[in-house]
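Raw contents of my_file.tsv, TSV, C-alpha atoms:
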chain	number	residue	atom	x	y	z
A	76	GLY	CA	9.59	0.72	7.82
A	77	ALA	CA	9.41	3.56	5.37
A	78	VAL	CA	6.57	6.02	5.85
A	79	VAL	CA	4.56	7.95	3.32
A	80	SER	CA	2.41	10.77	4.61
A	81	GLN	CA	-0.60	11.92	2.61
A	82	HIS	CA	-2.65	15.02	3.37
A	83	PRO	CA	-5.40	15.86	3.74
A	84	SER	CA	-7.16	12.63	4.65
A	85	ARG	CA	-10.53	14.09	3.79
A	86	VAL	CA	-11.60	17.16	1.88
A	87	ILE	CA	-14.95	18.57	0.90
A	88	CYS	CA	-15.04	21.33	-1.69
A	89	LYS	CA	-17.44	23.19	-3.91
A	90	SER	CA	-17.74	22.44	-7.58
A	91	GLY	CA	-15.34	24.52	-9.65
A	92	THR	CA	-12.66	24.87	-7.01
A	93	SER	CA	-9.22	23.27	-7.09
A	94	VAL	CA	-7.92	20.87	-4.49
A	95	LYS	CA	-4.32	19.98	-3.76
A	96	ILE	CA	-3.29	16.68	-2.22
A	97	GLU	CA	0.23	16.21	-0.87
A	98	CYS	CA	2.25	13.04	-0.67
A	99	ARG	CA	5.51	13.03	1.29
A	100	SER	CA	8.07	10.33	1.84
A	101	LEU	CA	9.22	10.94	5.39
A	102	ASP	CA	12.38	8.90	5.72
A	103	PHE	CA	13.55	8.07	2.22
A	104	GLN	CA	14.02	9.67	-1.16
A	105	ALA	CA	11.27	8.72	-3.55
A	106	THR	CA	12.49	8.85	-7.12
A	107	THR	CA	9.12	7.65	-8.33
A	108	MET	CA	5.63	8.32	-7.03
A	109	PHE	CA	2.33	6.94	-8.18
A	110	TRP	CA	-1.19	8.33	-7.90
A	111	TYR	CA	-4.22	6.05	-7.76
A	112	ARG	CA	-7.96	6.67	-7.69
A	113	GLN	CA	-10.72	4.43	-6.42
A	114	PHE	CA	-14.41	4.96	-7.08
A	115	PRO	CA	-16.92	3.16	-4.82
A	116	LYS	CA	-16.96	-0.57	-5.44
A	117	LYS	CA	-14.38	-0.20	-8.20
A	118	SER	CA	-10.73	-1.18	-8.40
A	119	LEU	CA	-7.91	1.02	-7.31
A	120	MET	CA	-6.77	2.48	-10.64
A	121	LEU	CA	-3.38	3.94	-11.46
A	122	MET	CA	-3.75	7.51	-12.69
A	123	ALA	CA	-0.19	8.58	-13.27
A	124	THR	CA	3.46	7.95	-12.55
A	125	SER	CA	5.75	10.80	-11.64
A	126	ASN	CA	9.51	10.90	-11.51
A	127	GLU	CA	11.33	13.64	-9.66
A	128	GLY	CA	12.15	16.55	-11.91
A	129	SER	CA	10.27	15.36	-14.97
A	130	LYS	CA	6.73	15.42	-16.30
A	131	ALA	CA	4.27	12.84	-15.07
A	132	THR	CA	3.18	9.97	-17.27
A	133	TYR	CA	-0.60	9.64	-17.30
A	134	GLU	CA	-2.58	6.47	-17.85
A	135	GLN	CA	-5.00	6.29	-20.72
A	136	GLY	CA	-8.20	8.18	-20.04
A	137	VAL	CA	-6.76	10.41	-17.31
A	138	GLU	CA	-6.84	14.12	-18.19
A	139	LYS	CA	-3.45	15.62	-17.52
A	140	ASP	CA	-4.81	19.17	-17.56
A	141	LYS	CA	-7.33	18.31	-14.90
A	142	PHE	CA	-5.07	16.30	-12.64
A	143	LEU	CA	-1.87	18.28	-12.29
A	144	ILE	CA	1.02	16.38	-10.76
A	145	ASN	CA	4.15	18.03	-9.48
A	146	HIS	CA	7.12	16.06	-8.22
A	147	ALA	CA	9.55	18.85	-7.56
A	148	SER	CA	11.62	17.14	-4.89
A	149	LEU	CA	12.60	13.66	-3.87
A	150	THR	CA	10.27	13.73	-0.91
A	151	LEU	CA	7.17	15.51	-2.18
A	152	SER	CA	4.63	14.98	-4.92
A	153	THR	CA	1.38	16.88	-5.22
A	154	LEU	CA	-1.81	16.12	-7.10
A	155	THR	CA	-4.04	19.08	-7.88
A	156	VAL	CA	-7.58	18.42	-9.02
A	157	THR	CA	-8.42	21.52	-11.00
A	158	SER	CA	-11.98	22.83	-11.36
A	159	ALA	CA	-13.31	19.86	-9.45
A	160	HIS	CA	-16.74	18.47	-10.26
A	161	PRO	CA	-18.91	15.97	-8.40
A	162	GLU	CA	-17.75	13.17	-10.70
A	163	ASP	CA	-14.21	13.73	-9.39
A	164	SER	CA	-15.36	12.66	-5.94
A	165	SER	CA	-13.23	9.64	-5.18
A	166	PHE	CA	-10.58	8.15	-2.95
A	167	TYR	CA	-7.07	9.15	-4.02
A	168	ILE	CA	-3.97	7.26	-2.86
A	169	CYS	CA	-0.31	7.94	-3.49
A	170	SER	CA	2.60	5.57	-3.30
A	171	ALA	CA	6.33	6.06	-3.41
A	172	SER	CA	9.30	4.04	-4.51
A	173	ARG	CA	13.01	4.41	-4.15
A	174	GLY	CA	13.21	3.27	-7.75
A	175	GLU	CA	15.24	0.14	-7.27
A	176	ILE	CA	14.32	-2.97	-9.19
A	177	GLY	CA	12.11	-5.16	-7.03
A	178	GLU	CA	11.76	-2.44	-4.42
A	179	LYS	CA	8.41	-2.48	-2.76
A	180	LEU	CA	6.02	0.41	-2.77
A	181	PHE	CA	5.06	2.47	0.25
A	182	PHE	CA	1.56	3.87	0.33
A	183	GLY	CA	-0.08	6.90	1.81
A	184	SER	CA	-3.30	6.49	3.78
A	185	GLY	CA	-5.41	8.10	1.09
A	186	THR	CA	-7.57	11.20	0.61
A	187	GLN	CA	-11.34	11.08	0.34
A	188	LEU	CA	-12.43	13.91	-1.93
A	189	SER	CA	-16.06	14.96	-1.96
A	190	VAL	CA	-17.11	17.63	-4.44
A	191	LEU	CA	-20.47	19.24	-3.78
B	243	GLY	CA	-6.00	-6.16	-20.63
B	244	ASN	CA	-4.80	-7.07	-17.17
B	245	SER	CA	-7.39	-7.18	-14.41
B	246	VAL	CA	-8.00	-8.53	-10.92
B	247	THR	CA	-11.34	-9.68	-9.55
B	248	GLN	CA	-11.96	-9.99	-5.83
B	249	MET	CA	-14.95	-11.19	-3.89
B	250	GLU	CA	-17.19	-8.43	-2.64
B	251	GLY	CA	-17.23	-7.67	1.02
B	252	PRO	CA	-17.63	-7.12	3.73
B	253	VAL	CA	-16.59	-10.50	5.02
B	254	THR	CA	-17.75	-10.86	8.61
B	255	LEU	CA	-16.23	-13.54	10.81
B	256	SER	CA	-15.92	-14.44	14.44
B	257	GLU	CA	-12.50	-14.63	16.03
B	258	GLU	CA	-10.66	-17.90	15.30
B	259	ALA	CA	-12.72	-18.61	12.19
B	260	PHE	CA	-11.14	-19.70	8.91
B	261	LEU	CA	-10.73	-17.00	6.29
B	262	THR	CA	-10.77	-17.21	2.52
B	263	ILE	CA	-10.83	-14.17	0.28
B	264	ASN	CA	-11.04	-15.13	-3.37
B	265	CYS	CA	-8.97	-13.44	-6.05
B	266	THR	CA	-8.73	-14.28	-9.73
B	267	TYR	CA	-6.79	-12.49	-12.39
B	268	THR	CA	-6.55	-11.97	-16.12
B	269	ALA	CA	-3.14	-11.29	-17.59
B	270	THR	CA	-0.90	-12.25	-20.45
B	271	GLY	CA	2.28	-14.06	-19.61
B	272	TYR	CA	3.37	-14.62	-16.04
B	273	PRO	CA	2.51	-11.77	-13.72
B	274	SER	CA	3.64	-11.41	-10.13
B	275	LEU	CA	0.78	-11.54	-7.63
B	276	PHE	CA	0.35	-9.66	-4.37
B	277	TRP	CA	-1.91	-9.18	-1.40
B	278	TYR	CA	-1.91	-5.77	0.27
B	279	VAL	CA	-3.63	-4.91	3.54
B	280	GLN	CA	-4.92	-1.52	4.66
B	281	TYR	CA	-5.62	-1.07	8.35
B	282	PRO	CA	-7.88	1.82	9.38
B	283	GLY	CA	-6.17	5.17	8.94
B	284	GLU	CA	-3.03	3.68	7.44
B	285	GLY	CA	-1.56	3.20	3.98
B	286	LEU	CA	-1.62	-0.07	2.07
B	287	GLN	CA	1.09	-2.48	3.20
B	288	LEU	CA	2.43	-5.45	1.31
B	289	LEU	CA	1.17	-8.59	3.06
B	290	LEU	CA	2.60	-11.29	0.81
B	291	LYS	CA	3.58	-12.03	-2.75
B	292	ALA	CA	4.30	-14.77	-5.24
B	293	THR	CA	6.25	-14.34	-8.43
B	294	LYS	CA	5.73	-17.63	-10.28
B	295	ALA	CA	3.27	-20.47	-10.62
B	296	ASP	CA	2.88	-22.74	-7.58
B	297	ASP	CA	4.72	-20.27	-5.36
B	298	LYS	CA	3.14	-19.80	-1.95
B	299	GLY	CA	3.39	-16.43	-0.28
B	300	SER	CA	2.96	-16.31	3.48
B	301	ASN	CA	3.12	-13.74	6.26
B	302	LYS	CA	1.50	-13.23	9.68
B	303	GLY	CA	-0.41	-16.51	9.34
B	304	PHE	CA	-1.85	-15.56	5.94
B	305	GLU	CA	-1.11	-17.67	2.86
B	306	ALA	CA	-1.85	-17.53	-0.84
B	307	THR	CA	-0.78	-19.89	-3.60
B	308	TYR	CA	-0.21	-18.78	-7.19
B	309	ARG	CA	-2.42	-21.10	-9.26
B	310	LYS	CA	-1.86	-20.59	-12.94
B	311	GLU	CA	-4.31	-23.28	-14.02
B	312	THR	CA	-7.17	-21.51	-12.29
B	313	THR	CA	-5.63	-17.99	-12.54
B	314	SER	CA	-6.23	-17.55	-8.83
B	315	PHE	CA	-4.43	-16.26	-5.76
B	316	HIS	CA	-6.87	-16.80	-2.90
B	317	LEU	CA	-5.93	-15.45	0.52
B	318	GLU	CA	-6.37	-17.79	3.50
B	319	LYS	CA	-5.82	-17.74	7.22
B	320	GLY	CA	-6.59	-20.56	9.56
B	321	SER	CA	-7.66	-18.52	12.58
B	322	VAL	CA	-8.44	-14.83	12.28
B	323	GLN	CA	-8.08	-12.28	15.04
B	324	VAL	CA	-9.89	-9.04	15.71
B	325	SER	CA	-6.68	-7.23	14.75
B	326	ASP	CA	-6.95	-8.67	11.23
B	327	SER	CA	-9.94	-6.42	10.55
B	328	ALA	CA	-8.85	-4.38	7.54
B	329	VAL	CA	-9.31	-4.02	3.79
B	330	TYR	CA	-7.41	-6.56	1.69
B	331	PHE	CA	-6.39	-5.81	-1.89
B	332	CYS	CA	-5.27	-8.39	-4.43
B	333	ALA	CA	-2.95	-7.05	-7.13
B	334	LEU	CA	-0.76	-8.09	-10.03
B	335	SER	CA	2.29	-6.68	-11.70
B	336	ARG	CA	3.37	-7.48	-15.21
B	337	ASN	CA	7.04	-6.77	-14.63
B	338	THR	CA	9.41	-8.24	-12.12
B	339	GLY	CA	9.26	-5.15	-9.95
B	340	PHE	CA	6.39	-4.02	-7.78
B	341	GLN	CA	5.97	-0.80	-9.50
B	342	LYS	CA	3.07	-0.82	-11.92
B	343	LEU	CA	0.33	-2.60	-10.03
B	344	VAL	CA	-3.17	-3.54	-11.14
B	345	PHE	CA	-5.47	-3.80	-8.12
B	346	GLY	CA	-8.75	-5.44	-7.33
B	347	THR	CA	-11.58	-3.62	-5.58
B	348	GLY	CA	-10.49	-4.56	-2.09
B	349	THR	CA	-12.40	-6.74	0.38
B	350	ARG	CA	-13.22	-5.48	3.83
B	351	LEU	CA	-12.80	-8.04	6.61
B	352	LEU	CA	-14.57	-7.53	9.91
B	353	VAL	CA	-13.65	-9.86	12.77
B	354	SER	CA	-15.73	-9.80	15.92
B	355	PRO	CA	-14.65	-11.14	19.35
What would the structure in this file look like if it were written as structure tokens?
Amino acid sequence: GAVVSQHPSRVICKSGTSVKIECRSLDFQATTMFWYRQFPKKSLMLMATSNEGSKATYEQGVEKDKFLINHASLTLSTLTVTSAHPEDSSFYICSASRGEIGEKLFFGSGTQLSVL
Amino acid sequence: GNSVTQMEGPVTLSEEAFLTINCTYTATGYPSLFWYVQYPGEGLQLLLKATKADDKGSNKGFEATYRKETTSFHLEKGSVQVSDSAVYFCALSRNTGFQKLVFGTGTRLLVSP
């Protein structure tokens, strides 16, 4: 089946630094990618939807200037957490779609971000 | 708004035990319902789905029936194996595609030999 690679799997950073998370579709072209966030004991929440070559669409309550999403190619989307703070510590997951109606999503294995 | 509620885990079972993981949802209209599974170190994978009331999704011995009257989509398996140890996520989608999913919190299942 299709594979989505997400890196890094775990990152620890100091408060105020920026962290970049990569999401790659390894064997298909992903016209649409999604970024999710999960806080402990909370639901996996959609943060934003990105389409290749256009600006990401953010869900209500997600700061677009803090969570920068770049989807510059059909196989790569990046999420940059800018000026990270401890409250940004969370589990981040990406998923990718070929964009066809009814097409299933393919998920990365997630990134655990810990901000000290 | 749309939401999904799952039972808290972890659920700990012995091999060959019967499994139920409860999932209820709140949504307007007729959402599609899904169960995803995440094995250690891997991404979420679609386990099964149902797109209309009374549909039963099934895969790998797991089943779930779309119950509109109780707004539920409970996951069941008659005899679990150690290899079923994973985190299970219930989810819904308001459109006919899979794309914009609303997830539950996930339920960790631990199966011991």
Set out as CSV a contact list for chain B and chain A with a cut-off of 10 Å, giving each residue of chain B that qualifies its closest atom pair and distance in Å to one decimal, counting only C-alpha atoms, ordered by chain and rising residue number.
residue,atom,partner,partner_atom,distance
B:Ser245,CA,A:Ser118,CA,9.1
B:Val246,CA,A:Ser118,CA,8.2
B:Thr247,CA,A:Ser118,CA,8.6
B:Gln248,CA,A:Ser118,CA,9.3
B:Glu250,CA,A:Lys116,CA,8.3
B:Gly251,CA,A:Lys116,CA,9.6
B:Gln280,CA,A:Ser184,CA,8.2
B:Tyr281,CA,A:Ser184,CA,9.1
B:Pro282,CA,A:Ser184,CA,8.6
B:Gly283,CA,A:Ser184,CA,6.1
B:Glu284,CA,A:Ser184,CA,4.6
B:Gly285,CA,A:Ser184,CA,3.7
B:Leu286,CA,A:Phe182,CA,5.4
B:Gln287,CA,A:Phe182,CA,7.0
B:Leu288,CA,A:Lys179,CA,7.8
B:Phe331,CA,A:Leu119,CA,8.9
B:Cys332,CA,A:Ser118,CA,9.9
B:Ala333,CA,A:Leu119,CA,9.5
B:Asn337,CA,A:Gly177,CA,9.3
B:Thr338,CA,A:Gly177,CA,6.5
B:Gly339,CA,A:Gly177,CA,4.1
B:Phe340,CA,A:Lys179,CA,5.6
B:Gln341,CA,A:Leu180,CA,6.8
B:Lys342,CA,A:Leu121,CA,8.0
B:Leu343,CA,A:Leu121,CA,7.7
B:Val344,CA,A:Met120,CA,7.0
B:Phe345,CA,A:Leu119,CA,5.5
B:Gly346,CA,A:Ser118,CA,4.8
B:Thr347,CA,A:Ser118,CA,3.8
B:Gly348,CA,A:Ser118,CA,7.2
B:Thr349,CA,A:Lys116,CA,9.6
Atom CA of B:Trp277 and atom CA of B:Arg309, how far apart in Å? 14.3 Å
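When only C-alpha atoms are used to compute distances to A:Cys98, the closest of the residues A:Leu143, A:Arg85, A:Glu134, A:Ser152 turns out to be A:Ser152.
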Can you pull out the residues contacting B:Pro252? Cut-off 7 Å, using all atoms listed in the file, and skip same-chain residues under 6 positions away; I want them as a list in words.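 The residues that qualify are Thr349, Arg350, Leu351 and Leu352 of chain B.
Coordinates place atom CA of B:Gly299 at a distance of 14.4 Å from atom CA of B:Ile263.
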Mind checking which residues fall within 10 Å of A:Ser148, counting all atoms listed in the file, ignoring those fewer than 2 positions away in the same chain, and posting them as a short mmCIF file (atom, residue, chain, number, x, y, z; two decimals) with C-alpha atoms, keeping the file's coordinate frame?
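So part-v6.cif came out as:
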data_model
loop_
_atom_site.label_atom_id
_atom_site.label_comp_id
_atom_site.auth_asym_id
_atom_site.auth_seq_id
_atom_site.Cartn_x
_atom_site.Cartn_y
_atom_site.Cartn_z
CA ARG A 99 5.51 13.03 1.29
CA GLN A 104 14.02 9.67 -1.16
CA ALA A 105 11.27 8.72 -3.55
CA THR A 106 12.49 8.85 -7.12
CA ASN A 126 9.51 10.90 -11.51
CA GLU A 127 11.33 13.64 -9.66
CA GLY A 128 12.15 16.55 -11.91
CA ASN A 145 4.15 18.03 -9.48
CA HIS A 146 7.12 16.06 -8.22
CA THR A 150 10.27 13.73 -0.91
CA LEU A 151 7.17 15.51 -2.18
CA SER A 152 4.63 14.98 -4.92
#
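For the pair atom CA of A:Val156 and atom CA of A:Glu138, the interatomic distance is 10.2 Å.
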Neighbouring residues of A:Asp163 were defined as those with any atom within 10 Å, considering only C-alpha atoms; residues of the same chain fewer than 5 positions away were excluded. Please report them as a VMD selection string. chain A and resid 90 112 114 141 156 to 158 188 to 190
Might I get the box with edges along x, y and z of the file that holds all atoms of stretch 86-98 of chain A listed there, padded by 4 Å on every side, given as centre and edge lengths in Å to one decimal, as lines of an AutoDock Vina configuration file?
center_x = -7.7
center_y = 19.0
center_z = -3.9
size_x = 28.0
size_y = 19.8
size_z = 19.5
I need the residue nearest B:Tyr308 from this list: B:Leu275, B:Leu290, B:Ala259, B:Val329. Use only C-alpha atoms for the distance. B:Leu275
At a cut-off of 12 Å, using only C-alpha atoms, what residues contact B:Glu257? Leave out same-chain residues fewer than 4 positions from it and give the result as a PyMOL selection string. chain B and resi 261+319-327+351-355
Counting only C-alpha atoms, figure out which residue out of A:Glu162, A:Pro83, A:Tyr167, A:Ala147 gets nearest to A:Glu97. A:Pro83
Let me make sure I understand: among B:Ser256, B:Ser335, B:Asn244, B:Thr266, which one has the smallest atom-to-atom distance to B:Lys294 if we use only C-alpha atoms?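 Among the listed residues, the smallest separation from B:Lys294 belongs to B:Ser335.
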Produce chain B of the given structure as output with C-alpha atoms, as a PDB file, in the first residue's frame.
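Once everything was written out, this is part.pdb:
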ATOM      1  CA  GLY B 243     -20.699  20.398  15.989  1.00  0.00           C
ATOM      2  CA  ASN B 244     -19.527  16.966  14.958  1.00  0.00           C
ATOM      3  CA  SER B 245     -17.759  14.869  17.567  1.00  0.00           C
ATOM      4  CA  VAL B 246     -16.751  11.311  18.383  1.00  0.00           C
ATOM      5  CA  THR B 247     -16.555   9.805  21.860  1.00  0.00           C
ATOM      6  CA  GLN B 248     -14.586   6.657  22.557  1.00  0.00           C
ATOM      7  CA  MET B 249     -14.129   4.633  25.690  1.00  0.00           C
ATOM      8  CA  GLU B 250     -10.967   5.402  27.586  1.00  0.00           C
ATOM      9  CA  GLY B 251      -8.214   2.868  27.574  1.00  0.00           C
ATOM     10  CA  PRO B 252      -6.152   1.024  27.940  1.00  0.00           C
ATOM     11  CA  VAL B 253      -8.223  -2.062  27.343  1.00  0.00           C
ATOM     12  CA  THR B 254      -6.302  -5.092  28.581  1.00  0.00           C
ATOM     13  CA  LEU B 255      -7.324  -8.551  27.431  1.00  0.00           C
ATOM     14  CA  SER B 256      -5.960 -12.047  27.276  1.00  0.00           C
ATOM     15  CA  GLU B 257      -5.504 -13.721  23.923  1.00  0.00           C
ATOM     16  CA  GLU B 258      -8.743 -15.173  22.497  1.00  0.00           C
ATOM     17  CA  ALA B 259     -10.935 -12.889  24.598  1.00  0.00           C
ATOM     18  CA  PHE B 260     -13.873 -10.989  23.127  1.00  0.00           C
ATOM     19  CA  LEU B 261     -13.271  -7.340  22.355  1.00  0.00           C
ATOM     20  CA  THR B 262     -15.639  -4.394  22.371  1.00  0.00           C
ATOM     21  CA  ILE B 263     -14.488  -0.810  22.028  1.00  0.00           C
ATOM     22  CA  ASN B 264     -17.375   1.615  22.313  1.00  0.00           C
ATOM     23  CA  CYS B 265     -17.770   4.594  20.017  1.00  0.00           C
ATOM     24  CA  THR B 266     -20.622   7.075  19.838  1.00  0.00           C
ATOM     25  CA  TYR B 267     -20.912  10.118  17.656  1.00  0.00           C
ATOM     26  CA  THR B 268     -22.697  13.426  17.311  1.00  0.00           C
ATOM     27  CA  ALA B 269     -23.323  14.728  13.830  1.00  0.00           C
ATOM     28  CA  THR B 270     -25.977  16.310  11.685  1.00  0.00           C
ATOM     29  CA  GLY B 271     -27.252  14.319   8.771  1.00  0.00           C
ATOM     30  CA  TYR B 272     -25.719  11.011   7.806  1.00  0.00           C
ATOM     31  CA  PRO B 273     -21.981  10.843   8.329  1.00  0.00           C
ATOM     32  CA  SER B 274     -19.708   8.048   7.200  1.00  0.00           C
ATOM     33  CA  LEU B 275     -18.076   6.174  10.086  1.00  0.00           C
ATOM     34  CA  PHE B 276     -14.615   4.652  10.322  1.00  0.00           C
ATOM     35  CA  TRP B 277     -12.291   2.705  12.534  1.00  0.00           C
ATOM     36  CA  TYR B 278      -8.563   3.315  12.131  1.00  0.00           C
ATOM     37  CA  VAL B 279      -5.794   1.305  13.774  1.00  0.00           C
ATOM     38  CA  GLN B 280      -2.286   2.462  14.638  1.00  0.00           C
ATOM     39  CA  TYR B 281       0.293  -0.218  15.326  1.00  0.00           C
ATOM     40  CA  PRO B 282       3.438   0.804  17.220  1.00  0.00           C
ATOM     41  CA  GLY B 283       5.725   2.956  15.102  1.00  0.00           C
ATOM     42  CA  GLU B 284       3.350   3.055  12.154  1.00  0.00           C
ATOM     43  CA  GLY B 285       0.800   5.470  10.714  1.00  0.00           C
ATOM     44  CA  LEU B 286      -2.943   5.131  11.154  1.00  0.00           C
ATOM     45  CA  GLN B 287      -4.478   2.599   8.782  1.00  0.00           C
ATOM     46  CA  LEU B 288      -8.102   2.302   7.797  1.00  0.00           C
ATOM     47  CA  LEU B 289      -9.500  -0.824   9.461  1.00  0.00           C
ATOM     48  CA  LEU B 290     -13.122  -0.685   8.355  1.00  0.00           C
ATOM     49  CA  LYS B 291     -15.888   1.708   7.425  1.00  0.00           C
ATOM     50  CA  ALA B 292     -19.622   2.074   7.021  1.00  0.00           C
ATOM     51  CA  THR B 293     -21.321   4.754   5.000  1.00  0.00           C
ATOM     52  CA  LYS B 294     -25.003   4.402   5.901  1.00  0.00           C
ATOM     53  CA  ALA B 295     -27.260   3.234   8.695  1.00  0.00           C
ATOM     54  CA  ASP B 296     -27.279  -0.513   9.400  1.00  0.00           C
ATOM     55  CA  ASP B 297     -24.164  -1.043   7.292  1.00  0.00           C
ATOM     56  CA  LYS B 298     -21.644  -3.405   8.837  1.00  0.00           C
ATOM     57  CA  GLY B 299     -17.977  -2.837   8.196  1.00  0.00           C
ATOM     58  CA  SER B 300     -15.639  -5.780   8.647  1.00  0.00           C
ATOM     59  CA  ASN B 301     -11.967  -6.563   8.206  1.00  0.00           C
ATOM     60  CA  LYS B 302      -9.405  -8.909   9.786  1.00  0.00           C
ATOM     61  CA  GLY B 303     -12.067 -10.369  12.083  1.00  0.00           C
ATOM     62  CA  PHE B 304     -13.153  -6.951  13.353  1.00  0.00           C
ATOM     63  CA  GLU B 305     -16.722  -5.727  12.851  1.00  0.00           C
ATOM     64  CA  ALA B 306     -18.693  -2.581  13.524  1.00  0.00           C
ATOM     65  CA  THR B 307     -22.312  -1.791  12.719  1.00  0.00           C
ATOM     66  CA  TYR B 308     -23.565   1.719  11.978  1.00  0.00           C
ATOM     67  CA  ARG B 309     -26.438   2.235  14.433  1.00  0.00           C
ATOM     68  CA  LYS B 310     -28.225   5.469  13.772  1.00  0.00           C
ATOM     69  CA  GLU B 311     -30.804   4.996  16.523  1.00  0.00           C
ATOM     70  CA  THR B 312     -28.094   4.849  19.163  1.00  0.00           C
ATOM     71  CA  THR B 313     -25.544   6.959  17.195  1.00  0.00           C
ATOM     72  CA  SER B 314     -22.968   4.253  17.780  1.00  0.00           C
ATOM     73  CA  PHE B 315     -20.309   2.359  15.867  1.00  0.00           C
ATOM     74  CA  HIS B 316     -18.841  -0.077  18.383  1.00  0.00           C
ATOM     75  CA  LEU B 317     -15.842  -2.144  17.330  1.00  0.00           C
ATOM     76  CA  GLU B 318     -15.948  -5.884  18.089  1.00  0.00           C
ATOM     77  CA  LYS B 319     -13.783  -8.919  17.577  1.00  0.00           C
ATOM     78  CA  GLY B 320     -14.621 -12.386  18.728  1.00  0.00           C
ATOM     79  CA  SER B 321     -11.118 -13.571  19.572  1.00  0.00           C
ATOM     80  CA  VAL B 322      -8.236 -11.129  19.879  1.00  0.00           C
ATOM     81  CA  GLN B 323      -4.607 -11.929  19.234  1.00  0.00           C
ATOM     82  CA  VAL B 324      -1.434 -10.444  20.642  1.00  0.00           C
ATOM     83  CA  SER B 325      -0.838  -8.885  17.222  1.00  0.00           C
ATOM     84  CA  ASP B 326      -4.028  -6.841  17.625  1.00  0.00           C
ATOM     85  CA  SER B 327      -2.330  -4.737  20.297  1.00  0.00           C
ATOM     86  CA  ALA B 328      -2.547  -1.205  18.933  1.00  0.00           C
ATOM     87  CA  VAL B 329      -4.401   2.080  19.294  1.00  0.00           C
ATOM     88  CA  TYR B 330      -7.847   2.163  17.701  1.00  0.00           C
ATOM     89  CA  PHE B 331      -9.439   5.421  16.556  1.00  0.00           C
ATOM     90  CA  CYS B 332     -13.099   5.900  15.732  1.00  0.00           C
ATOM     91  CA  ALA B 333     -13.817   8.676  13.233  1.00  0.00           C
ATOM     92  CA  LEU B 334     -16.554  10.243  11.158  1.00  0.00           C
ATOM     93  CA  SER B 335     -16.683  12.167   7.936  1.00  0.00           C
ATOM     94  CA  ARG B 336     -19.480  14.463   6.920  1.00  0.00           C
ATOM     95  CA  ASN B 337     -18.913  14.102   3.203  1.00  0.00           C
ATOM     96  CA  THR B 338     -18.854  11.023   1.057  1.00  0.00           C
ATOM     97  CA  GLY B 339     -15.078  11.062   0.847  1.00  0.00           C
ATOM     98  CA  PHE B 340     -12.637  10.188   3.583  1.00  0.00           C
ATOM     99  CA  GLN B 341     -11.005  13.477   3.581  1.00  0.00           C
ATOM    100  CA  LYS B 342     -12.160  15.669   6.436  1.00  0.00           C
ATOM    101  CA  LEU B 343     -12.231  13.336   9.395  1.00  0.00           C
ATOM    102  CA  VAL B 344     -13.303  13.974  12.972  1.00  0.00           C
ATOM    103  CA  PHE B 345     -11.537  11.563  15.317  1.00  0.00           C
ATOM    104  CA  GLY B 346     -12.090  10.240  18.788  1.00  0.00           C
ATOM    105  CA  THR B 347      -9.336  10.112  21.392  1.00  0.00           C
ATOM    106  CA  GLY B 348      -8.158   6.645  20.469  1.00  0.00           C
ATOM    107  CA  THR B 349      -8.297   3.530  22.659  1.00  0.00           C
ATOM    108  CA  ARG B 350      -5.184   1.527  23.364  1.00  0.00           C
ATOM    109  CA  LEU B 351      -5.665  -2.239  23.296  1.00  0.00           C
ATOM    110  CA  LEU B 352      -3.154  -4.483  25.025  1.00  0.00           C
ATOM    111  CA  VAL B 353      -3.456  -8.223  24.438  1.00  0.00           C
ATOM    112  CA  SER B 354      -1.373 -10.578  26.527  1.00  0.00           C
ATOM    113  CA  PRO B 355      -0.549 -14.220  25.668  1.00  0.00           C
TER     114      PRO B 355
END
